[in-house]
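Peer 1: The structure is given below, and queries will be raised subsequently.
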Amino acid sequence: MSEVGDSGSSAYERLIDADRVSGRLYTDPAVFEREMERIHHRGWMFVGHESEVAAPGEFVTRRLGRQPVLLNRDDTGAVRLWSNRCPHRGATVCALNGGETRFFRCPYHGWTFDNAGALVALPGEEGFGPTFDRDTHGLAPVPRMETYRGFVFASWSHEGQTLAEHLGNARDLIDRACDVSPVGEISLRAGWLRHRIGANWKMAAENVCDFYHPPITHGSSGLMGGVSPGYFSDAYGGVTRDLGGGHGEVDYRQTEGGPQTGLGPHGFIFPNLFIEASSIFVIQPVGVAEMTHLQTPITWVGLPEKMQRPQSRRFAMAFGAAGVIEPDDAATWERMQLGLQAGEPEWVVLERGVQFDHTREGRALDEIVMRGFWRHYRSLMTDEAAAR
Amino acid sequence: MSGVDELLEQQRVEQFLFLEARLIDGRRFADWEALWAEDGIYWVPANGDDTDPHSQVSLIYDNRSRIHNRVERYLGGKAISQQPPPRTVHLVSNVTIERAASEGTVDGDVSLVVHSTVQVAESRPGVRVDWVGRVVHHLVECQGALRIVFKKVVLVDNDQELTTIDFLL
C-alpha cells in the first residue's frame, strides 16, 4: 500500500466521503505527520485551565501537539505559556508534571529564567562578550494563547483564526460547563490521570459523541445499571448536534429526567477537548497508533461539597487506566487499530442518521457528529480552508 | 510477643499474601473477594505516594461494594477488555509487619499493617508490561482468619502515562 499522507490535497478529497472515510487515515504515518502540521500545529488546541495555576508561581507541563510546553502564572498574576525548552541548547527547563516555583533553571549550563520567562542569570555571562543580550534569550512564548472562561487554548501558528472564530458554536459547551457553578466558574485541581492507549487519536475524538456503542462496549459496567435502559436508544429523546468546525455534542436537556440534568454538557471541541458532564478529557496524539488520554474531574466553584463528591467518586470508578469504563474503550480502539491494518474493505462506515444531515441534528445514536468532524478535517487536510 | 510467635506471625502473613497473589493469578476472583472483610478500601493512588484520595484523582479508590462490582465485571463475561482476559503473575516480596493500634478494625481486633513489594507481569495480545509497586495491607483477624480491610498499591510510575490496568494488582 502506498503512502497517501504527503501526496497532497487531492488524495484526501478521495479518502473522505460524506458518510465514509478510508481506514488508511488511522494507520498511515504520513497522514499523522500531515495532521500534526495542519491541525495540531496550525490550529487552536486546549492546553489547560487557569485554575491549574491559580497562584503566582504555579506551573504545569503539557504537550501542545507533540511539543513540550510549560503553562504557568508569573509573579504578577498573568498566565503564561512557554516552549519547555532552554533557548540555549534545548533541554527542557522543567521536568515535573506540576508545582510552584519562581525560577526555572536549565540542567545543562544553568541558564535561569524567572516565571515571566526572562533570562535572569547564567554562569560565565561575561564570556559571551559585550554584545550578548539577555532580553533576546528568554523562554520562547507559544505564539498564540487565548483563554475563554478559564479554558486556555493555544496555537503554534502566528496567524489564522481567532479563538472565538475557532470555537464558534462550541463556546456554548464551555458556557454550560461553567454555568453549573453558581458563580460561573470551574476548577481543575484534582490532578490528571494519563492513560496511554495504542490507537490513533481520532478514535477517541469520534467516540465522544458515539452513543451507539455504550450498551455493547460498556455492557459490563456496573455504572450502566444506574442509567435508564432506554438511555442509549433513539427513542429516549437525546439529540446529536454537529456544531460546525469539527465540534459536536450529545444533548439530553430536552429529555425529562435525562442523565445530564443539572450537570454540564457532553461535547467535543476540535481537535482535543472532551467535556463530559463532570469531567474534562484531553486527547493527546503521540504517534499514528498511539495516544494519551488525559482526564480530570471538574469542581464547580461555589457548589456545595455534597453535590460535587458523587461526581468525583464516579470519576474515580469509571475513568483512567484502571476505571471500569475507560479500559473497554481503550481495548476497543486498540482492536480498531489492529483491524484497520487490513486494507480491505477500504472504508469505515459512518452512515447512521445520514438523512438528518441537512439539519445538523440527529437522533441520540446517529453518527452526525463524526461526519461533521470529518468534514472539518477534510477542509484542513486539503487546501479547501485556505481557498475560502 | 516472643521470637517464636513473631516468626509464626511472619509466616502466617506471608502465606496470606502469597495466597492472595495465587487467587488473583488463577482468576479465582470470588475467592479473592472473600479475603476481604465486610468493609474495606482498595486504593491505587495516582501522581504520588500519598495523594489525598478525596480531593485528588486516584487510579483506583474502591469501597467494598465497588470491589464487588470490579470482581463481578471480571467474572461477568461482558467486559471487552477481558476478551481475552489479561494473564498475570504476581511476585510478592519484602514482607514486613508493623503492629498497629486497634483503630478502624472490625470487632476491635488488633490489626496488622503489612508492607510488601509486588511485581506483576501482565500479558495480553500484543502487550507485555511489568508493573512494580509498594503495597500496604491492613489485616484484621475475623473469626480465626486474616481479612483485608485496606490495601494500597503505590505503583512506581503512578505519576506517568500508564497503559490499561484491567486486572487486580
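Residues in the C-alpha cells are numbered from 1 in each chain, the chains being A, B, ... in the order shown, and ligands are numbered from 1 in the order shown.
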Write out as CSV the residues of chain A that have any atom within 6 Å of an atom of chain B, one row each with the nearest atom pair and its distance in Å to one decimal, counting only C-alpha atoms, sorted by chain and then rising number.

Peer 2:
```
residue,atom,partner,partner_atom,distance
A:Ala190,CA,B:Gln56,CA,4.1
A:Gly191,CA,B:Val57,CA,5.9
A:Arg194,CA,B:Glu161,CA,4.7
A:His195,CA,B:Leu162,CA,5.1
A:Arg196,CA,B:Thr163,CA,4.7
A:Ser220,CA,B:Ala79,CA,4.9
A:Ala321,CA,B:Thr164,CA,4.4
A:Ala322,CA,B:Ile165,CA,4.7
A:Pro327,CA,B:Thr164,CA,5.9
A:Asp328,CA,B:Ser81,CA,4.9
A:Ala331,CA,B:Ser81,CA,5.2
```

Peer 1: Please produce a file of the residues just selected, as a CSV table (one decimal), in the first residue's frame, where the atoms kept are N, CA and C atoms.

Peer 2:
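Now in again-v4.csv:
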```
chain,number,residue,atom,x,y,z
A,190,ALA,N,-7.7,18.6,40.7
A,190,ALA,CA,-7.6,17.2,41.3
A,190,ALA,C,-6.5,16.4,40.7
A,191,GLY,N,-5.7,17.0,39.8
A,191,GLY,CA,-4.6,16.2,39.1
A,191,GLY,C,-5.2,15.4,37.9
A,194,ARG,N,-3.4,9.9,33.3
A,194,ARG,CA,-2.8,9.9,31.9
A,194,ARG,C,-2.8,8.4,31.4
A,195,HIS,N,-3.7,8.1,30.5
A,195,HIS,CA,-3.9,6.8,30.0
A,195,HIS,C,-3.2,6.6,28.6
A,196,ARG,N,-2.2,5.8,28.5
A,196,ARG,CA,-1.6,5.6,27.2
A,196,ARG,C,-2.3,4.5,26.5
A,220,SER,N,-20.5,-4.3,30.5
A,220,SER,CA,-20.1,-4.9,31.7
A,220,SER,C,-20.1,-3.9,32.9
A,321,ALA,N,-6.8,4.6,33.5
A,321,ALA,CA,-6.3,3.4,33.1
A,321,ALA,C,-6.9,2.2,33.8
A,322,ALA,N,-7.5,2.4,35.0
A,322,ALA,CA,-8.0,1.3,35.9
A,322,ALA,C,-9.5,1.5,36.2
A,327,PRO,N,-11.1,1.3,30.3
A,327,PRO,CA,-10.4,0.2,29.7
A,327,PRO,C,-11.2,-0.5,28.5
A,328,ASP,N,-12.5,-0.5,28.6
A,328,ASP,CA,-13.2,-1.1,27.5
A,328,ASP,C,-13.2,-0.2,26.2
A,331,ALA,N,-9.6,-0.8,24.9
A,331,ALA,CA,-9.4,-2.1,24.3
A,331,ALA,C,-10.1,-2.1,22.9
```

Peer 1: Please identify all polymer residues within 9 Å of A:His109, counting only C-alpha atoms, omitting same-chain residues fewer than 3 positions from it, and present them as a CSV table (one decimal) with C-alpha atoms, in the first residue's frame.

Peer 2:
```csv
chain,number,residue,atom,x,y,z
A,88,HIS,CA,20.5,28.0,24.8
A,89,ARG,CA,20.8,24.3,23.9
A,105,ARG,CA,16.8,26.5,35.7
A,106,CYS,CA,18.2,24.6,32.8
A,122,LEU,CA,23.7,32.5,33.6
A,123,PRO,CA,27.1,31.2,34.7
```

Peer 1: Tell me, as a compact mmCIF listing (two decimals) with N, CA and C atoms, in the first residue's frame, which residues lie within 9 Å of stretch 272-279 of chain A, counting only C-alpha atoms; anything in the same chain fewer than 6 positions away does not count.

Peer 2:
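So part_6.txt came out as:
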```txt
# COMPACT_ATOMS: atom_id res chain seq x y z
N MET A 45 -5.68 24.55 20.10
CA MET A 45 -5.87 23.35 20.92
C MET A 45 -6.06 23.76 22.37
N PHE A 46 -6.86 22.98 23.09
CA PHE A 46 -6.97 23.17 24.53
C PHE A 46 -5.65 22.74 25.17
N VAL A 47 -5.15 23.55 26.10
CA VAL A 47 -3.87 23.18 26.73
C VAL A 47 -4.00 23.00 28.23
N LEU A 173 -20.69 25.08 24.79
CA LEU A 173 -20.34 23.93 25.62
C LEU A 173 -19.57 24.40 26.86
N ILE A 174 -18.62 25.31 26.64
CA ILE A 174 -17.83 25.83 27.76
C ILE A 174 -18.72 26.63 28.70
N ALA A 177 -20.68 24.25 30.79
CA ALA A 177 -19.84 23.57 31.79
C ALA A 177 -19.60 24.49 32.98
N TRP A 201 -5.43 8.88 17.58
CA TRP A 201 -6.15 9.87 18.37
C TRP A 201 -7.56 10.14 17.87
N ALA A 205 -11.51 10.89 19.53
CA ALA A 205 -12.28 12.07 19.15
C ALA A 205 -13.67 11.67 18.65
N VAL A 208 -16.42 10.42 21.32
CA VAL A 208 -17.07 11.34 22.27
C VAL A 208 -18.59 11.36 22.07
N GLN A 260 -28.25 14.12 31.95
CA GLN A 260 -27.42 15.31 32.08
C GLN A 260 -28.06 16.40 32.93
N LEU A 263 -26.15 18.83 35.25
CA LEU A 263 -24.72 18.71 35.01
C LEU A 263 -24.34 19.48 33.76
N GLY A 264 -23.09 19.43 33.44
CA GLY A 264 -22.61 20.13 32.26
C GLY A 264 -22.93 19.37 30.99
N PRO A 265 -22.43 19.88 29.89
CA PRO A 265 -22.71 19.30 28.58
C PRO A 265 -21.87 18.06 28.32
N HIS A 266 -22.17 17.39 27.22
CA HIS A 266 -21.38 16.26 26.75
C HIS A 266 -20.98 16.61 25.32
N PRO A 285 -2.28 13.27 20.84
CA PRO A 285 -1.67 12.35 19.89
C PRO A 285 -0.20 12.10 20.24
N GLN A 295 -7.28 12.92 31.81
CA GLN A 295 -8.61 13.07 32.37
C GLN A 295 -8.56 13.63 33.77
N THR A 296 -9.53 14.52 34.07
CA THR A 296 -9.63 15.07 35.41
C THR A 296 -11.07 15.45 35.70
N PRO A 297 -11.51 15.33 36.96
CA PRO A 297 -12.88 15.73 37.29
C PRO A 297 -13.00 17.24 37.45
N ILE A 298 -14.17 17.77 37.14
CA ILE A 298 -14.45 19.19 37.31
C ILE A 298 -14.92 19.46 38.74
N THR A 299 -14.42 20.53 39.34
CA THR A 299 -15.02 21.06 40.56
C THR A 299 -15.72 22.36 40.18
N TRP A 300 -17.00 22.46 40.56
CA TRP A 300 -17.74 23.68 40.26
C TRP A 300 -17.63 24.62 41.46
N GLN A 308 -20.79 17.80 44.75
CA GLN A 308 -19.61 17.52 43.93
C GLN A 308 -19.08 16.10 44.14
N GLN A 311 -19.82 13.09 42.04
CA GLN A 311 -19.23 13.15 40.70
C GLN A 311 -17.77 12.71 40.71
N SER A 312 -17.01 13.16 41.73
CA SER A 312 -15.60 12.78 41.75
C SER A 312 -15.46 11.29 42.03
N PHE A 315 -16.11 9.52 38.91
CA PHE A 315 -14.95 9.66 38.04
C PHE A 315 -13.91 8.59 38.35
```

Peer 1: Can you tell me which residues surround B:Arg22 at a distance of at most 12 Å, considering only C-alpha atoms, apart from same-chain residues fewer than 6 positions away, and format the answer as a list of chain:residue names?

Peer 2: B:Gln15, B:Phe16, B:Arg28, B:Phe29, B:Asp31, B:Trp32, B:Thr88, B:Val89, B:His90, B:Leu91, B:Val92, B:Val120, B:Leu168, B:Leu169

Peer 1: Could you save those same residues with N, CA and C atoms as a CSV table (one decimal), in the first residue's frame?

Peer 2:
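This went into result-v7.csv:
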```
chain,number,residue,atom,x,y,z
B,15,GLN,N,2.1,-16.2,54.0
B,15,GLN,CA,1.3,-17.2,53.4
B,15,GLN,C,0.0,-16.6,52.9
B,16,PHE,N,-0.5,-15.6,53.7
B,16,PHE,CA,-1.8,-15.0,53.3
B,16,PHE,C,-1.5,-14.1,52.0
B,28,ARG,N,-9.3,-16.6,40.4
B,28,ARG,CA,-10.3,-17.1,41.3
B,28,ARG,C,-10.8,-15.9,42.1
B,29,PHE,N,-11.5,-15.0,41.4
B,29,PHE,CA,-11.8,-13.7,41.9
B,29,PHE,C,-12.8,-13.7,43.0
B,31,ASP,N,-13.0,-16.0,45.2
B,31,ASP,CA,-12.2,-16.4,46.4
B,31,ASP,C,-11.4,-15.3,46.9
B,32,TRP,N,-10.9,-14.5,45.9
B,32,TRP,CA,-10.1,-13.3,46.3
B,32,TRP,C,-11.0,-12.3,47.1
B,88,THR,N,-1.7,-12.7,34.4
B,88,THR,CA,-0.8,-12.0,35.3
B,88,THR,C,-0.1,-13.1,36.1
B,89,VAL,N,1.1,-12.6,36.5
B,89,VAL,CA,1.9,-13.4,37.6
B,89,VAL,C,2.4,-12.3,38.6
B,90,HIS,N,2.0,-12.5,39.8
B,90,HIS,CA,2.4,-11.6,40.9
B,90,HIS,C,3.6,-12.2,41.6
B,91,LEU,N,4.6,-11.4,41.8
B,91,LEU,CA,5.7,-11.8,42.7
B,91,LEU,C,5.7,-10.9,43.9
B,92,VAL,N,5.5,-11.5,45.1
B,92,VAL,CA,5.4,-10.8,46.3
B,92,VAL,C,6.6,-10.9,47.1
B,120,VAL,N,4.2,-7.3,39.1
B,120,VAL,CA,3.1,-8.0,38.3
B,120,VAL,C,3.5,-8.1,36.9
B,168,LEU,N,-6.3,-7.2,38.8
B,168,LEU,CA,-6.1,-6.8,40.2
B,168,LEU,C,-4.6,-6.8,40.5
B,169,LEU,N,-4.2,-5.7,41.2
B,169,LEU,CA,-2.8,-5.5,41.5
B,169,LEU,C,-2.4,-6.3,42.8
```

Peer 1: As an MDAnalysis selection string, which residues of stretch 45-151 of chain B does DSSP assign to strand (DSSP E)?

Peer 2: chainID B and resid 45 58:62 87:99 112:124 127:142 145:151

Peer 1: What are the DSSP helix (DSSP H, G or I) residues of chain B, as a VMD selection string?

Peer 2: chain B and resid 3 to 25 29 to 33 64 to 75 80 to 82 106 to 108

Peer 1: Could you please take those selected residues and save C-alpha atoms as a compact mmCIF listing (two decimals), in the first residue's frame?

Peer 2:
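Just written: part_28.txt:
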```
# COMPACT_ATOMS: atom_id res chain seq x y z
CA GLY B 3 10.51 -14.56 68.98
CA VAL B 4 8.75 -17.79 68.05
CA ASP B 5 5.38 -16.03 67.93
CA GLU B 6 6.86 -13.36 65.70
CA LEU B 7 8.18 -15.99 63.34
CA LEU B 8 4.83 -17.72 63.25
CA GLU B 9 3.06 -14.45 62.60
CA GLN B 10 5.50 -13.56 59.81
CA GLN B 11 4.94 -16.97 58.27
CA ARG B 12 1.17 -16.65 58.52
CA VAL B 13 1.08 -13.19 56.99
CA GLU B 14 3.41 -14.14 54.14
CA GLN B 15 1.31 -17.20 53.37
CA PHE B 16 -1.76 -14.96 53.33
CA LEU B 17 -0.18 -12.57 50.80
CA PHE B 18 1.04 -15.47 48.66
CA LEU B 19 -2.47 -16.95 48.72
CA GLU B 20 -3.93 -13.62 47.63
CA ALA B 21 -1.48 -13.49 44.71
CA ARG B 22 -2.26 -17.07 43.75
CA LEU B 23 -6.02 -16.42 43.74
CA ILE B 24 -5.61 -13.36 41.52
CA ASP B 25 -3.28 -15.07 39.06
CA PHE B 29 -11.81 -13.68 41.89
CA ALA B 30 -14.72 -14.72 44.08
CA ASP B 31 -12.24 -16.43 46.41
CA TRP B 32 -10.08 -13.31 46.30
CA GLU B 33 -13.06 -11.18 47.24
CA ARG B 64 -16.28 -2.62 49.47
CA SER B 65 -19.26 -2.54 47.09
CA ARG B 66 -17.05 -1.31 44.24
CA ILE B 67 -14.57 -4.08 44.93
CA HIS B 68 -17.51 -6.40 44.42
CA ASN B 69 -18.52 -4.61 41.20
CA ARG B 70 -14.98 -4.89 39.88
CA VAL B 71 -14.91 -8.63 40.53
CA GLU B 72 -18.37 -9.09 39.06
CA ARG B 73 -17.22 -7.28 35.95
CA TYR B 74 -14.26 -9.64 35.58
CA LEU B 75 -16.47 -12.66 36.07
CA ILE B 80 -14.47 -6.04 26.23
CA SER B 81 -11.09 -5.51 27.87
CA GLN B 82 -11.29 -9.06 29.26
CA VAL B 106 -13.56 -4.93 62.71
CA ASP B 107 -14.68 -6.27 66.10
CA GLY B 108 -11.98 -4.17 67.74
```

Peer 1: Please list as a PyMOL selection string every residue within 7 Å of stretch 351-353 of chain A, counting only C-alpha atoms and excluding residues in the same chain fewer than 4 positions away.

Peer 2: chain A and resi 19+362+366-368

Peer 1: Output the selection as a PDB file, in the first residue's frame - C-alpha atoms for each residue.

Peer 2:
```pdb
ATOM      1  CA  ASP A  19     -20.617   9.176   5.017  1.00  0.00           C
ATOM      2  CA  GLY A 362     -29.641  13.729  14.565  1.00  0.00           C
ATOM      3  CA  ASP A 366     -26.677   8.917  14.941  1.00  0.00           C
ATOM      4  CA  GLU A 367     -23.168   9.414  13.578  1.00  0.00           C
ATOM      5  CA  ILE A 368     -23.767  13.025  12.644  1.00  0.00           C
TER       6      ILE A 368
END
```

Peer 1: Identify, on the basis of only C-alpha atoms, every residue whose closest approach to A:Ala18 does not exceed 8 Å; exclude the query and any residue fewer than 4 positions from it along the same chain; express the result as number ranges by chain.

Peer 2: A: 371, 374-375

Peer 1: For those residues, write N, CA and C atoms to a file as an mmCIF file, in the first residue's frame.

Peer 2:
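So result32.cif came out as:
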```cif
data_model
loop_
_atom_site.group_PDB
_atom_site.id
_atom_site.type_symbol
_atom_site.label_atom_id
_atom_site.label_comp_id
_atom_site.auth_asym_id
_atom_site.auth_seq_id
_atom_site.Cartn_x
_atom_site.Cartn_y
_atom_site.Cartn_z
ATOM 1 N N ARG A 371 -19.506 12.712 11.217
ATOM 2 C CA ARG A 371 -19.472 13.238 9.845
ATOM 3 C C ARG A 371 -19.055 14.707 9.842
ATOM 4 N N TRP A 374 -15.280 14.874 10.285
ATOM 5 C CA TRP A 374 -14.518 14.563 9.069
ATOM 6 C C TRP A 374 -14.652 15.653 8.012
ATOM 7 N N ARG A 375 -15.798 16.319 7.980
ATOM 8 C CA ARG A 375 -15.949 17.411 7.013
ATOM 9 C C ARG A 375 -14.931 18.517 7.339
#
```

Peer 1: Measuring atom to atom with only C-alpha atoms, identify which of A:Asp179, A:Glu326, A:Arg378, A:Trp111 is nearest to A:Gly124.

Peer 2: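 Of A:Asp179, A:Glu326, A:Arg378, A:Trp111, the one nearest A:Gly124, counting only C-alpha atoms, is A:Trp111.
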
Peer 1: Using only C-alpha atoms, which protein or nucleic acid residues come within 8 Å of B:Ile148? Drop anything in the same chain fewer than 2 positions from it, and give the result as a PyMOL selection string.

Peer 2: chain B and resi 35-37+40+137-140+146+150-151

Peer 1: Looking at only C-alpha atoms, which of A:Met381, A:Ile16, A:Ala154, A:Val79 is the one that sits closest to A:Gly57?

Peer 2: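 Of A:Met381, A:Ile16, A:Ala154, A:Val79, the one nearest A:Gly57 is A:Val79, counting only C-alpha atoms.
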
Peer 1: Report, in Å with one decimal, the straight-line distance from atom CA of A:Gln161 to atom CA of A:Leu81.

Peer 2: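 Atom CA of A:Leu81 lies 18.8 Å from atom CA of A:Gln161.
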
Peer 1: From the list A:Phe128, A:Phe211, A:Phe281, A:Tyr252, which residue is nearest A:Val369 when using only C-alpha atoms?

Peer 2: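 Selected residue with least distance to A:Val369: A:Phe211.
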